[in-house]
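**Student:** Next comes the structure file run-v2.pdb, holding PDB, C-alpha atoms.
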```pdb
ATOM      1  CA  MET A   1     -74.036   1.514 -36.424
ATOM      2  CA  ASN A   2     -70.634   2.662 -37.628
ATOM      3  CA  THR A   3     -67.997   0.655 -35.689
ATOM      4  CA  ARG A   4     -64.910   2.113 -37.406
ATOM      5  CA  PRO A   5     -64.176   4.978 -34.918
ATOM      6  CA  THR A   6     -64.555   2.599 -31.966
ATOM      7  CA  PHE A   7     -62.196   0.088 -33.583
ATOM      8  CA  ALA A   8     -59.615   2.810 -34.326
ATOM      9  CA  ILE A   9     -59.718   4.067 -30.713
ATOM     10  CA  ALA A  10     -59.282   0.503 -29.421
ATOM     11  CA  CYS A  11     -56.256  -0.003 -31.702
ATOM     12  CA  ALA A  12     -54.668   3.277 -30.573
ATOM     13  CA  ALA A  13     -55.210   2.372 -26.910
ATOM     14  CA  ALA A  14     -53.602  -1.026 -27.452
ATOM     15  CA  ILE A  15     -50.545   0.557 -29.133
ATOM     16  CA  LEU A  16     -50.123   3.124 -26.327
ATOM     17  CA  ALA A  17     -50.462   0.431 -23.675
ATOM     18  CA  GLY A  18     -47.788  -1.575 -25.470
ATOM     19  CA  CYS A  19     -45.376   1.349 -25.278
ATOM     20  CA  GLN A  20     -45.558   1.320 -21.473
ATOM     21  CA  SER A  21     -44.831  -2.360 -20.929
ATOM     22  CA  ASN A  22     -42.336  -2.734 -18.083
ATOM     23  CA  PRO A  23     -39.172  -1.017 -19.379
ATOM     24  CA  VAL A  24     -35.998  -1.792 -17.393
ATOM     25  CA  SER A  25     -35.232   1.327 -15.413
ATOM     26  CA  PHE A  26     -32.207   2.413 -13.445
ATOM     27  CA  GLY A  27     -32.344   4.788 -10.463
ATOM     28  CA  LYS A  28     -35.300   6.888 -11.498
ATOM     29  CA  GLN A  29     -34.847   9.227  -8.514
ATOM     30  CA  ALA A  30     -31.347  10.476  -9.216
ATOM     31  CA  ASN A  31     -30.144   8.332 -12.104
ATOM     32  CA  VAL A  32     -28.082   6.308  -9.675
ATOM     33  CA  ALA A  33     -28.297   2.539  -9.431
ATOM     34  CA  VAL A  34     -26.558  -0.190  -7.536
ATOM     35  CA  VAL A  35     -24.970  -2.421 -10.154
ATOM     36  CA  ASP A  36     -23.445  -5.865  -9.968
ATOM     37  CA  SER A  37     -19.889  -5.285  -8.762
ATOM     38  CA  SER A  38     -18.682  -8.056 -11.048
ATOM     39  CA  SER A  39     -19.926  -6.034 -14.047
ATOM     40  CA  ARG A  40     -17.343  -4.420 -16.308
ATOM     41  CA  ALA A  41     -19.128  -1.136 -17.003
ATOM     42  CA  HIS A  42     -16.897   1.902 -17.622
ATOM     43  CA  LEU A  43     -17.737   5.600 -17.749
ATOM     44  CA  GLN A  44     -14.206   6.519 -18.808
ATOM     45  CA  ALA A  45     -11.252   4.683 -20.283
ATOM     46  CA  GLU A  46      -9.826   4.306 -16.769
ATOM     47  CA  LEU A  47      -9.505   1.342 -14.459
ATOM     48  CA  THR A  48     -12.421   0.355 -12.230
ATOM     49  CA  MET A  49     -12.424  -1.824  -9.114
ATOM     50  CA  ALA A  50     -13.358  -4.849 -11.253
ATOM     51  CA  ASP A  51     -10.348  -4.087 -13.487
ATOM     52  CA  TYR A  52      -8.047  -3.927 -10.450
ATOM     53  CA  THR A  53      -9.374  -7.332  -9.426
ATOM     54  CA  GLU A  54      -8.907  -8.861 -12.860
ATOM     55  CA  LEU A  55      -5.400  -7.485 -13.364
ATOM     56  CA  ALA A  56      -4.202  -8.405  -9.879
ATOM     57  CA  GLU A  57      -5.632 -11.920 -10.021
ATOM     58  CA  MET A  58      -4.470 -12.534 -13.579
ATOM     59  CA  VAL A  59      -0.859 -11.790 -12.679
ATOM     60  CA  THR A  60      -0.900 -13.403  -9.250
ATOM     61  CA  ASN A  61      -2.427 -16.585 -10.678
ATOM     62  CA  LYS A  62       0.313 -16.692 -13.315
ATOM     63  CA  MET A  63       2.849 -16.456 -10.531
ATOM     64  CA  LEU A  64       1.164 -19.175  -8.461
ATOM     65  CA  SER A  65       0.912 -21.458 -11.516
ATOM     66  CA  SER A  66       4.584 -21.036 -12.434
ATOM     67  CA  ARG A  67       6.995 -23.924 -12.244
ATOM     68  CA  PHE A  68       9.184 -22.002  -9.802
ATOM     69  CA  VAL A  69       6.408 -21.393  -7.265
ATOM     70  CA  LYS A  70       5.101 -24.942  -7.712
ATOM     71  CA  SER A  71       8.588 -26.218  -6.812
ATOM     72  CA  TRP A  72       8.117 -24.829  -3.303
ATOM     73  CA  GLY A  73       5.686 -27.660  -2.531
ATOM     74  CA  LYS A  74       4.477 -27.419   1.049
ATOM     75  CA  ARG A  75       7.328 -25.118   2.062
ATOM     76  CA  LYS A  76       6.024 -21.618   2.611
ATOM     77  CA  PRO A  77       8.801 -19.106   1.985
ATOM     78  CA  ARG A  78       8.725 -15.658   3.549
ATOM     79  CA  LEU A  79       7.887 -13.076   0.941
ATOM     80  CA  ILE A  80       7.884  -9.299   0.892
ATOM     81  CA  LEU A  81       5.537  -7.626  -1.563
ATOM     82  CA  ALA A  82       7.276  -4.352  -2.283
ATOM     83  CA  LYS A  83       5.363  -1.148  -2.885
ATOM     84  CA  LEU A  84       3.525  -1.186  -6.197
ATOM     85  CA  ARG A  85       4.965   1.386  -8.598
ATOM     86  CA  ASN A  86       2.569   3.497 -10.622
ATOM     87  CA  ASN A  87       4.281   4.068 -13.945
ATOM     88  CA  THR A  88       1.094   5.138 -15.750
ATOM     89  CA  ASP A  89       0.067   8.611 -16.893
ATOM     90  CA  ASN A  90      -2.647   8.677 -14.231
ATOM     91  CA  GLU A  91      -1.669   9.498 -10.665
ATOM     92  CA  ASN A  92      -5.210   8.883  -9.423
ATOM     93  CA  ILE A  93      -5.098   5.109  -9.781
ATOM     94  CA  ARG A  94      -5.617   3.556  -6.362
ATOM     95  CA  MET A  95      -2.483   1.442  -6.177
ATOM     96  CA  ALA A  96      -3.348   0.348  -2.638
ATOM     97  CA  ASP A  97      -6.421  -1.463  -3.952
ATOM     98  CA  ILE A  98      -4.376  -3.403  -6.524
ATOM     99  CA  TYR A  99      -1.776  -4.174  -3.847
ATOM    100  CA  ASP A 100      -4.510  -5.434  -1.522
ATOM    101  CA  ARG A 101      -5.996  -7.684  -4.205
ATOM    102  CA  ILE A 102      -2.559  -9.229  -4.790
ATOM    103  CA  THR A 103      -1.954  -9.822  -1.082
ATOM    104  CA  GLU A 104      -5.488 -11.210  -0.666
ATOM    105  CA  THR A 105      -4.933 -13.733  -3.471
ATOM    106  CA  LEU A 106      -1.492 -14.696  -2.156
ATOM    107  CA  LEU A 107      -2.720 -15.133   1.404
ATOM    108  CA  ASN A 108      -5.784 -17.162   0.380
ATOM    109  CA  SER A 109      -3.537 -19.435  -1.678
ATOM    110  CA  GLU A 110      -1.674 -20.449   1.516
ATOM    111  CA  THR A 111       1.444 -20.750  -0.637
ATOM    112  CA  VAL A 112       3.603 -18.067   0.974
ATOM    113  CA  ARG A 113       4.041 -16.218   4.221
ATOM    114  CA  LEU A 114       3.742 -12.509   3.618
ATOM    115  CA  VAL A 115       5.954 -10.382   5.828
ATOM    116  CA  ASP A 116       6.045  -6.651   6.291
ATOM    117  CA  ARG A 117       8.364  -4.483   4.208
ATOM    118  CA  SER A 118      10.331  -3.662   7.332
ATOM    119  CA  ALA A 119      11.125  -7.339   7.999
ATOM    120  CA  THR A 120      14.807  -8.273   7.986
ATOM    121  CA  SER A 121      14.354 -12.028   7.513
ATOM    122  CA  PHE A 122      12.749 -13.074   4.251
ATOM    123  CA  ASP A 123      13.362 -15.321   1.229
ATOM    124  CA  TYR A 124      11.986 -13.354  -1.717
ATOM    125  CA  VAL A 125      10.966  -9.847  -2.670
ATOM    126  CA  VAL A 126       8.277  -9.260  -5.283
ATOM    127  CA  ARG A 127       8.471  -5.927  -7.043
ATOM    128  CA  SER A 128       5.481  -4.828  -9.055
ATOM    129  CA  GLU A 129       4.746  -2.078 -11.507
ATOM    130  CA  LEU A 130       1.685  -0.824 -13.320
ATOM    131  CA  SER A 131       2.317   0.904 -16.637
ATOM    132  CA  SER A 132       0.117   2.203 -19.426
ATOM    133  CA  ASN A 133       0.140   3.571 -22.913
ATOM    134  CA  ARG A 134      -2.546   5.626 -24.577
ATOM    135  CA  GLN A 135      -3.549   6.348 -28.157
ATOM    136  CA  TYR A 136      -6.028   8.982 -29.296
ATOM    137  CA  GLY A 137      -8.110   8.814 -32.446
ATOM    138  CA  ALA A 138     -10.486  11.204 -34.163
ATOM    139  CA  ASP A 139     -13.767  12.191 -32.479
ATOM    140  CA  GLY A 140     -12.715  11.285 -28.951
ATOM    141  CA  GLN A 141     -11.648   7.739 -29.696
ATOM    142  CA  GLU A 142      -9.168   6.411 -27.194
ATOM    143  CA  LEU A 143      -7.271   3.201 -26.669
ATOM    144  CA  VAL A 144      -5.579   2.606 -23.326
ATOM    145  CA  GLY A 145      -3.448  -0.389 -22.485
ATOM    146  CA  TYR A 146      -2.518  -1.268 -18.905
ATOM    147  CA  LYS A 147       0.160  -3.735 -17.910
ATOM    148  CA  LEU A 148       0.773  -5.092 -14.440
ATOM    149  CA  GLU A 149       4.077  -6.832 -13.897
ATOM    150  CA  LEU A 150       5.462  -8.828 -10.978
ATOM    151  CA  LYS A 151       9.168  -9.612 -10.623
ATOM    152  CA  MET A 152      10.469 -11.946  -7.962
ATOM    153  CA  PHE A 153      14.011 -11.607  -6.591
ATOM    154  CA  THR A 154      15.996 -13.545  -4.007
ATOM    155  CA  ILE A 155      17.730 -11.684  -1.188
ATOM    156  CA  ASP A 156      20.912 -11.873  -3.294
ATOM    157  CA  GLY A 157      19.170  -9.941  -6.054
ATOM    158  CA  GLU A 158      18.750 -12.853  -8.462
ATOM    159  CA  MET A 159      15.559 -12.625 -10.489
ATOM    160  CA  LYS A 160      13.622 -15.863 -10.180
ATOM    161  CA  GLY A 161      10.471 -15.043 -12.107
ATOM    162  CA  GLN A 162       8.581 -12.402 -14.004
ATOM    163  CA  TRP A 163       4.851 -12.428 -14.742
ATOM    164  CA  SER A 164       2.674  -9.868 -16.451
ATOM    165  CA  GLY A 165      -0.932  -9.305 -17.435
ATOM    166  CA  THR A 166      -2.518  -6.748 -19.717
ATOM    167  CA  LEU A 167      -5.893  -5.090 -19.997
ATOM    168  CA  THR A 168      -6.960  -2.832 -22.859
ATOM    169  CA  LEU A 169      -9.803  -0.333 -22.729
ATOM    170  CA  ALA A 170     -11.228   1.286 -25.855
ATOM    171  CA  LYS A 171     -13.410   4.362 -25.950
ATOM    172  CA  GLY A 172     -15.611   4.867 -29.010
ATOM    173  CA  LYS A 173     -16.425   7.975 -31.016
ATOM    174  CA  LYS A 174     -18.344  10.795 -29.354
ATOM    175  CA  SER A 175     -21.947  10.809 -30.469
ATOM    176  CA  PHE A 176     -22.934  13.660 -32.806
ATOM    177  CA  PHE A 177     -25.999  14.287 -30.651
TER     178      PHE A 177
ATOM    179  CA  MET B 178     -75.889 -35.947 -11.675
ATOM    180  CA  LYS B 179     -75.230 -38.100 -14.729
ATOM    181  CA  PRO B 180     -72.493 -40.762 -14.332
ATOM    182  CA  LYS B 181     -70.467 -39.291 -17.218
ATOM    183  CA  THR B 182     -70.489 -35.832 -15.623
ATOM    184  CA  SER B 183     -69.421 -37.306 -12.266
ATOM    185  CA  ILE B 184     -66.477 -39.116 -13.856
ATOM    186  CA  ALA B 185     -65.385 -35.966 -15.688
ATOM    187  CA  LEU B 186     -65.546 -33.921 -12.456
ATOM    188  CA  ALA B 187     -63.586 -36.568 -10.557
ATOM    189  CA  ALA B 188     -60.905 -36.623 -13.260
ATOM    190  CA  LEU B 189     -60.658 -32.831 -13.152
ATOM    191  CA  LEU B 190     -60.309 -32.868  -9.364
ATOM    192  CA  ALA B 191     -57.625 -35.561  -9.556
ATOM    193  CA  ALA B 192     -55.716 -33.488 -12.100
ATOM    194  CA  PHE B 193     -55.803 -30.445  -9.766
ATOM    195  CA  VAL B 194     -54.610 -32.480  -6.773
ATOM    196  CA  THR B 195     -51.788 -34.043  -8.821
ATOM    197  CA  GLY B 196     -50.778 -30.603 -10.012
ATOM    198  CA  CYS B 197     -50.500 -29.326  -6.446
ATOM    199  CA  ASN B 198     -48.274 -32.243  -5.441
ATOM    200  CA  ASP B 199     -45.848 -31.835  -8.330
ATOM    201  CA  SER B 200     -42.435 -32.234  -6.668
ATOM    202  CA  ALA B 201     -40.620 -31.065  -9.823
ATOM    203  CA  GLY B 202     -42.331 -27.693  -9.588
ATOM    204  CA  VAL B 203     -40.672 -24.312  -9.393
ATOM    205  CA  SER B 204     -37.818 -25.233  -7.053
ATOM    206  CA  ASN B 205     -36.239 -28.403  -5.815
ATOM    207  CA  PRO B 206     -33.658 -28.039  -3.026
ATOM    208  CA  ASN B 207     -32.297 -31.530  -3.590
ATOM    209  CA  ILE B 208     -30.905 -31.099  -7.093
ATOM    210  CA  ARG B 209     -27.811 -29.173  -8.182
ATOM    211  CA  HIS B 210     -29.576 -27.547 -11.105
ATOM    212  CA  TYR B 211     -32.369 -28.141 -13.605
ATOM    213  CA  GLN B 212     -30.989 -29.744 -16.715
ATOM    214  CA  GLN B 213     -31.178 -27.403 -19.713
ATOM    215  CA  SER B 214     -29.571 -27.329 -23.129
ATOM    216  CA  THR B 215     -27.337 -24.502 -21.865
ATOM    217  CA  ILE B 216     -25.805 -26.547 -19.030
ATOM    218  CA  ASN B 217     -23.317 -29.393 -19.222
ATOM    219  CA  ASN B 218     -22.113 -31.208 -16.122
ATOM    220  CA  ALA B 219     -20.615 -34.306 -17.731
ATOM    221  CA  ASN B 220     -17.547 -33.707 -15.559
ATOM    222  CA  PRO B 221     -18.688 -33.841 -11.910
ATOM    223  CA  ARG B 222     -16.212 -31.152 -10.909
ATOM    224  CA  VAL B 223     -16.761 -28.785 -13.825
ATOM    225  CA  ARG B 224     -20.167 -27.316 -14.657
ATOM    226  CA  LEU B 225     -20.274 -25.494 -17.991
ATOM    227  CA  VAL B 226     -23.002 -22.933 -18.538
ATOM    228  CA  LEU B 227     -23.868 -20.953 -21.646
ATOM    229  CA  GLY B 228     -25.594 -17.740 -20.595
ATOM    230  CA  SER B 229     -28.042 -17.694 -23.476
ATOM    231  CA  GLU B 230     -30.030 -20.134 -25.590
ATOM    232  CA  ARG B 231     -28.732 -18.105 -28.562
ATOM    233  CA  LEU B 232     -25.228 -19.439 -27.921
ATOM    234  CA  VAL B 233     -26.227 -23.116 -28.016
ATOM    235  CA  GLY B 234     -24.816 -24.731 -31.142
ATOM    236  CA  LYS B 235     -22.682 -21.662 -31.866
ATOM    237  CA  ILE B 236     -20.242 -21.624 -28.954
ATOM    238  CA  ALA B 237     -18.961 -24.881 -27.478
ATOM    239  CA  LEU B 238     -17.207 -25.292 -24.137
ATOM    240  CA  VAL B 239     -14.965 -28.334 -24.383
ATOM    241  CA  ASP B 240     -11.930 -30.114 -22.981
ATOM    242  CA  ALA B 241     -12.146 -29.213 -19.292
ATOM    243  CA  ARG B 242      -8.757 -29.808 -17.662
ATOM    244  CA  LEU B 243      -8.227 -29.829 -13.913
ATOM    245  CA  GLY B 244      -4.814 -29.630 -12.319
ATOM    246  CA  THR B 245      -2.970 -27.936  -9.517
ATOM    247  CA  ALA B 246      -0.973 -24.777  -9.123
ATOM    248  CA  GLY B 247       0.996 -25.430  -5.965
ATOM    249  CA  ALA B 248      -1.601 -25.998  -3.268
ATOM    250  CA  LEU B 249      -4.372 -24.562  -5.411
ATOM    251  CA  PRO B 250      -6.617 -26.290  -7.934
ATOM    252  CA  ARG B 251      -6.443 -25.025 -11.484
ATOM    253  CA  VAL B 252      -8.919 -25.367 -14.348
ATOM    254  CA  GLU B 253      -8.817 -24.659 -18.043
ATOM    255  CA  VAL B 254     -11.688 -25.012 -20.508
ATOM    256  CA  SER B 255     -11.563 -24.369 -24.245
ATOM    257  CA  ALA B 256     -14.207 -22.205 -25.870
ATOM    258  CA  GLN B 257     -14.761 -22.999 -29.532
ATOM    259  CA  ASN B 258     -16.549 -20.803 -32.034
ATOM    260  CA  LEU B 259     -18.545 -23.152 -34.289
ATOM    261  CA  THR B 260     -19.568 -20.372 -36.658
ATOM    262  CA  ASP B 261     -18.031 -17.963 -39.139
ATOM    263  CA  HIS B 262     -19.093 -14.990 -37.014
ATOM    264  CA  ARG B 263     -17.038 -13.017 -34.521
ATOM    265  CA  TYR B 264     -18.311 -13.168 -30.944
ATOM    266  CA  THR B 265     -17.529 -10.795 -28.094
ATOM    267  CA  LEU B 266     -18.286 -12.690 -24.895
ATOM    268  CA  GLU B 267     -17.702 -12.654 -21.160
ATOM    269  CA  TYR B 268     -16.757 -15.499 -18.858
ATOM    270  CA  MET B 269     -16.663 -16.034 -15.142
ATOM    271  CA  TYR B 270     -15.413 -18.903 -13.009
ATOM    272  CA  THR B 271     -16.954 -19.486  -9.591
ATOM    273  CA  TRP B 272     -15.393 -22.037  -7.258
ATOM    274  CA  GLU B 273     -17.005 -24.247  -4.646
ATOM    275  CA  ASP B 274     -15.551 -26.422  -1.915
ATOM    276  CA  GLN B 275     -16.130 -30.171  -1.672
ATOM    277  CA  GLN B 276     -19.394 -29.659   0.200
ATOM    278  CA  GLY B 277     -20.673 -27.358  -2.535
ATOM    279  CA  PHE B 278     -20.303 -24.099  -0.619
ATOM    280  CA  ALA B 279     -19.190 -21.129  -2.684
ATOM    281  CA  ILE B 280     -15.632 -19.885  -2.179
ATOM    282  CA  ASN B 281     -15.983 -16.199  -1.495
ATOM    283  CA  ASP B 282     -13.555 -14.789  -4.019
ATOM    284  CA  ASN B 283     -15.341 -11.759  -5.574
ATOM    285  CA  PRO B 284     -15.155 -12.971  -9.165
ATOM    286  CA  VAL B 285     -15.483 -10.534 -12.061
ATOM    287  CA  TRP B 286     -16.643 -11.040 -15.644
ATOM    288  CA  ARG B 287     -13.766 -11.246 -18.098
ATOM    289  CA  ARG B 288     -14.337 -10.190 -21.652
ATOM    290  CA  PHE B 289     -12.873 -12.063 -24.598
ATOM    291  CA  VAL B 290     -13.333 -12.246 -28.340
ATOM    292  CA  LEU B 291     -13.698 -15.427 -30.368
ATOM    293  CA  GLY B 292     -12.965 -14.985 -34.042
ATOM    294  CA  PRO B 293     -14.557 -17.253 -36.650
ATOM    295  CA  ARG B 294     -13.864 -20.932 -35.829
ATOM    296  CA  GLU B 295     -11.375 -19.880 -33.164
ATOM    297  CA  ILE B 296     -10.616 -21.939 -30.056
ATOM    298  CA  LYS B 297      -9.441 -20.128 -26.947
ATOM    299  CA  SER B 298      -8.533 -21.388 -23.485
ATOM    300  CA  LEU B 299     -10.210 -19.864 -20.468
ATOM    301  CA  ARG B 300      -8.350 -20.535 -17.243
ATOM    302  CA  SER B 301      -8.711 -19.957 -13.566
ATOM    303  CA  VAL B 302      -6.964 -20.809 -10.335
ATOM    304  CA  GLY B 303      -9.032 -21.650  -7.258
ATOM    305  CA  LYS B 304      -8.658 -18.934  -4.661
ATOM    306  CA  SER B 305      -8.304 -21.361  -1.790
ATOM    307  CA  PRO B 306      -6.871 -24.868  -1.313
ATOM    308  CA  ASP B 307     -10.433 -25.849  -0.332
ATOM    309  CA  ALA B 308     -11.691 -25.053  -3.852
ATOM    310  CA  TYR B 309     -12.867 -28.281  -5.447
ATOM    311  CA  SER B 310     -15.500 -27.856  -8.137
ATOM    312  CA  VAL B 311     -16.038 -24.983 -10.515
ATOM    313  CA  THR B 312     -18.745 -23.425 -12.641
ATOM    314  CA  LEU B 313     -17.803 -21.651 -15.861
ATOM    315  CA  THR B 314     -20.408 -19.325 -17.310
ATOM    316  CA  VAL B 315     -19.984 -17.798 -20.757
ATOM    317  CA  ARG B 316     -22.464 -15.131 -21.765
ATOM    318  CA  LEU B 317     -23.030 -12.303 -24.186
ATOM    319  CA  PRO B 318     -21.637  -9.058 -22.712
ATOM    320  CA  ASP B 319     -23.965  -7.376 -20.313
ATOM    321  CA  ASP B 320     -23.678  -4.131 -18.429
ATOM    322  CA  ILE B 321     -25.739  -1.139 -17.465
ATOM    323  CA  PHE B 322     -25.011   0.756 -20.686
ATOM    324  CA  ILE B 323     -26.210  -2.088 -22.883
ATOM    325  CA  HIS B 324     -29.473  -2.095 -20.907
ATOM    326  CA  GLN B 325     -29.787   1.667 -21.296
ATOM    327  CA  GLU B 326     -29.322   1.447 -25.044
ATOM    328  CA  GLN B 327     -31.932  -1.283 -25.277
ATOM    329  CA  THR B 328     -34.463   0.622 -23.174
ATOM    330  CA  PRO B 329     -33.601   4.320 -23.446
ATOM    331  CA  ASP B 330     -35.016   6.484 -20.695
ATOM    332  CA  LYS B 331     -37.926   8.360 -22.278
ATOM    333  CA  ARG B 332     -38.584  11.154 -19.812
TER     334      ARG B 332
END
```
What do you get writing this file as structure tokens?

**Tutor:**
Amino acid sequence: MNTRPTFAIACAAAILAGCQSNPVSFGKQANVAVVDSSSRAHLQAELTMADYTELAEMVTNKMLSSRFVKSWGKRKPRLILAKLRNNTDNENIRMADIYDRITETLLNSETVRLVDRSATSFDYVVRSELSSNRQYGADGQELVGYKLELKMFTIDGEMKGQWSGTLTLAKGKKSFF
Amino acid sequence: MKPKTSIALAALLAAFVTGCNDSAGVSNPNIRHYQQSTINNANPRVRLVLGSERLVGKIALVDARLGTAGALPRVEVSAQNLTDHRYTLEYMYTWEDQQGFAINDNPVWRRFVLGPREIKSLRSVGKSPDAYSVTLTVRLPDDIFIHQEQTPDKR
């Protein structure tokens, strides 16, 4: 009996079966998936919620670790966090989310007492600003740098501290296909 | 039944019963983690985790320093590249209180690059005065697009 055709069919079946072995799939129904919110995936060279979190915490932690803030000890001064200025080229950045991440970190730290912007009795004002610069390369390449800066002033206007954090996003070349 | 066959059957049965009673099986609620070459907990307050066996012997997490930032605990660990290659990596700190409960601080992965033989400090501030111990995980970058490139959708 000639066993060669049978053997060839068995090999082909094994190869085809191998091709279908449990590929990782995302949202087969509508190409939508729930992803880990701590992930740093980007569809565009723009800030995501995870980026807001990183930037806000990076700068706030620098402030909390500074010698000046450490000198407060157990005293909890009253602090106003002024409105966050958007000095980037993108008006769609949700500044409220960055502001909220800063206040959340400050409140959880139990280092300061945050008071409303309308308060008349306070010790310090923290002004903050988000700025960006952008460079374009050939074939859709893009490099975007974001900088978040906090500046702390006394009620007399004396600057007591300045802390900043940066985040850079790079977009690669557009695929030929 | 021959005596030899009886003894062999009894030994087999004993092996099965022992296997069922294995307390170090899949999960053990009374240990902090299973010891692996990717985990170092020499410092009781700092657990260092490499997110891949491929990083063992290539990336070292050393010199864990704990301090305070006002009322908050602060940690800094150095990551050392032991090779002549350039590594793009991600790290994440997760804090726990003294009882071992996670501090709910929505951590995010932070990307960093280690050049050949470079040493870089990775730092974090505990998000609450209750924060006590910390786990640092360093892994190769991972996100949805990397998965898609590895397993392209063939429809």

**Student:** Could you list the residues in chain B lying within 6 Å of chain A, using only C-alpha atoms, and format the result as a list in words?

**Tutor:** Ala246, Gly247, Val285, Trp286, Lys304, Ser305 and Asp320 of chain B

**Student:** Give me the residues near Lys83 (chain A) as a PyMOL selection string, where near means some atom within 9 Å (using only C-alpha atoms) and where sequence neighbours in that chain fewer than 5 positions away do not count.

**Tutor:** chain A and resi 95-96+99+117+126-129

**Student:** Could you state which residues are captured by the PyMOL selection byres ((chain A and resi 131-133) around 6) in this file, as a list in words?

**Tutor:**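 Selection result, ordered by chain and number: Asn87, Thr88, Leu130, Arg134, Val144, Gly145, Tyr146 and Lys147 of chain A.
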
**Student:** Output C-alpha atoms for every residue in that selection, as a PDB file, in the frame of the given file.

**Tutor:**
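Saved the output as selection34.pdb:
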```pdb
ATOM      1  CA  ASN A  87       4.281   4.068 -13.945  1.00  0.00           C
ATOM      2  CA  THR A  88       1.094   5.138 -15.750  1.00  0.00           C
ATOM      3  CA  LEU A 130       1.685  -0.824 -13.320  1.00  0.00           C
ATOM      4  CA  ARG A 134      -2.546   5.626 -24.577  1.00  0.00           C
ATOM      5  CA  VAL A 144      -5.579   2.606 -23.326  1.00  0.00           C
ATOM      6  CA  GLY A 145      -3.448  -0.389 -22.485  1.00  0.00           C
ATOM      7  CA  TYR A 146      -2.518  -1.268 -18.905  1.00  0.00           C
ATOM      8  CA  LYS A 147       0.160  -3.735 -17.910  1.00  0.00           C
TER       9      LYS A 147
END
```

**Student:** Quick one, how far is CA of Glu295 (chain B) from CA of Leu55 (chain A)?

**Tutor:** 24.1 Å

**Student:** I'd like the residues picked by the PyMOL selection byres ((chain A and resi 170-175) around 7) written out as a list of chain:residue names, using the chain letters and numbers from the file.

**Tutor:**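 Evaluating the PyMOL selection byres ((chain A and resi 170-175) around 7) on this file yields A:Ala45, A:Asp139, A:Gly140, A:Gln141, A:Glu142, A:Leu143, A:Val144, A:Thr168, A:Leu169, A:Phe176, A:Phe177.
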
**Student:** Name every residue that the PyMOL selection byres ((chain B and resi 276) around 12) selects in this structure, writing the answer as a list in words with chains first and numbers rising.

**Tutor:**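 Here the PyMOL selection byres ((chain B and resi 276) around 12) matches Arg209, Arg222, Trp272, Glu273, Asp274, Gln275, Gly277, Phe278, Ala279, Ile280, Asp307, Ala308, Tyr309 and Ser310 of chain B.
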
**Student:** What is the CA of Pro318 (chain B) to CA of Ser204 (chain B) distance in Å?

**Tutor:**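 Taking CA of Pro318 (chain B) as the start and CA of Ser204 (chain B) as the end point, the length is 27.7 Å.
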
**Student:** What does the distance from CA of Gln212 (chain B) to CA of Glu267 (chain B) come to in Å, to one decimal?

**Tutor:**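 Rounded to one decimal, the two atoms are 22.1 Å apart.
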
**Student:** For Val311 (chain B), which of B:Arg251, B:Arg288, B:Arg231, B:Arg263 is the closest residue, counting only C-alpha atoms?

**Tutor:** B:Arg251

**Student:** Give me the residues within 12 Å of Val125 (chain A) as a PyMOL selection string, counting all atoms listed in the file and dropping any in the same chain fewer than 3 places off.

**Tutor:** chain A and resi 77-84+112-122+128+150-162

**Student:** Any chance you could build region 303-313 of chain B out to N, CA and C atoms and write it as a PDB file, keeping the file's coordinate frame?

**Tutor:**
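Final file, out_13.pdb:
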```pdb
ATOM      1  N   GLY B 303      -8.169 -21.713  -8.442  1.00  0.00           N
ATOM      2  CA  GLY B 303      -9.032 -21.650  -7.258  1.00  0.00           C
ATOM      3  C   GLY B 303      -8.407 -20.745  -6.212  1.00  0.00           C
ATOM      4  N   LYS B 304      -9.217 -19.940  -5.563  1.00  0.00           N
ATOM      5  CA  LYS B 304      -8.658 -18.934  -4.661  1.00  0.00           C
ATOM      6  C   LYS B 304      -8.312 -19.494  -3.287  1.00  0.00           C
ATOM      7  N   SER B 305      -8.589 -20.759  -3.087  1.00  0.00           N
ATOM      8  CA  SER B 305      -8.304 -21.361  -1.790  1.00  0.00           C
ATOM      9  C   SER B 305      -7.985 -22.841  -2.018  1.00  0.00           C
ATOM     10  N   PRO B 306      -7.131 -23.427  -1.163  1.00  0.00           N
ATOM     11  CA  PRO B 306      -6.871 -24.868  -1.313  1.00  0.00           C
ATOM     12  C   PRO B 306      -8.133 -25.703  -1.132  1.00  0.00           C
ATOM     13  N   ASP B 307      -9.165 -25.122  -0.505  1.00  0.00           N
ATOM     14  CA  ASP B 307     -10.433 -25.849  -0.332  1.00  0.00           C
ATOM     15  C   ASP B 307     -11.242 -25.917  -1.619  1.00  0.00           C
ATOM     16  N   ALA B 308     -10.911 -25.082  -2.610  1.00  0.00           N
ATOM     17  CA  ALA B 308     -11.691 -25.053  -3.852  1.00  0.00           C
ATOM     18  C   ALA B 308     -11.646 -26.435  -4.496  1.00  0.00           C
ATOM     19  N   TYR B 309     -12.797 -26.910  -4.932  1.00  0.00           N
ATOM     20  CA  TYR B 309     -12.867 -28.281  -5.447  1.00  0.00           C
ATOM     21  C   TYR B 309     -13.553 -28.341  -6.807  1.00  0.00           C
ATOM     22  N   SER B 310     -14.783 -27.830  -6.860  1.00  0.00           N
ATOM     23  CA  SER B 310     -15.500 -27.856  -8.137  1.00  0.00           C
ATOM     24  C   SER B 310     -15.702 -26.422  -8.632  1.00  0.00           C
ATOM     25  N   VAL B 311     -16.007 -26.313  -9.913  1.00  0.00           N
ATOM     26  CA  VAL B 311     -16.038 -24.983 -10.515  1.00  0.00           C
ATOM     27  C   VAL B 311     -17.172 -24.890 -11.536  1.00  0.00           C
ATOM     28  N   THR B 312     -17.729 -23.690 -11.621  1.00  0.00           N
ATOM     29  CA  THR B 312     -18.745 -23.425 -12.641  1.00  0.00           C
ATOM     30  C   THR B 312     -18.206 -22.356 -13.580  1.00  0.00           C
ATOM     31  N   LEU B 313     -18.207 -22.649 -14.863  1.00  0.00           N
ATOM     32  CA  LEU B 313     -17.803 -21.651 -15.861  1.00  0.00           C
ATOM     33  C   LEU B 313     -19.056 -21.184 -16.587  1.00  0.00           C
TER      34      LEU B 313
END
```
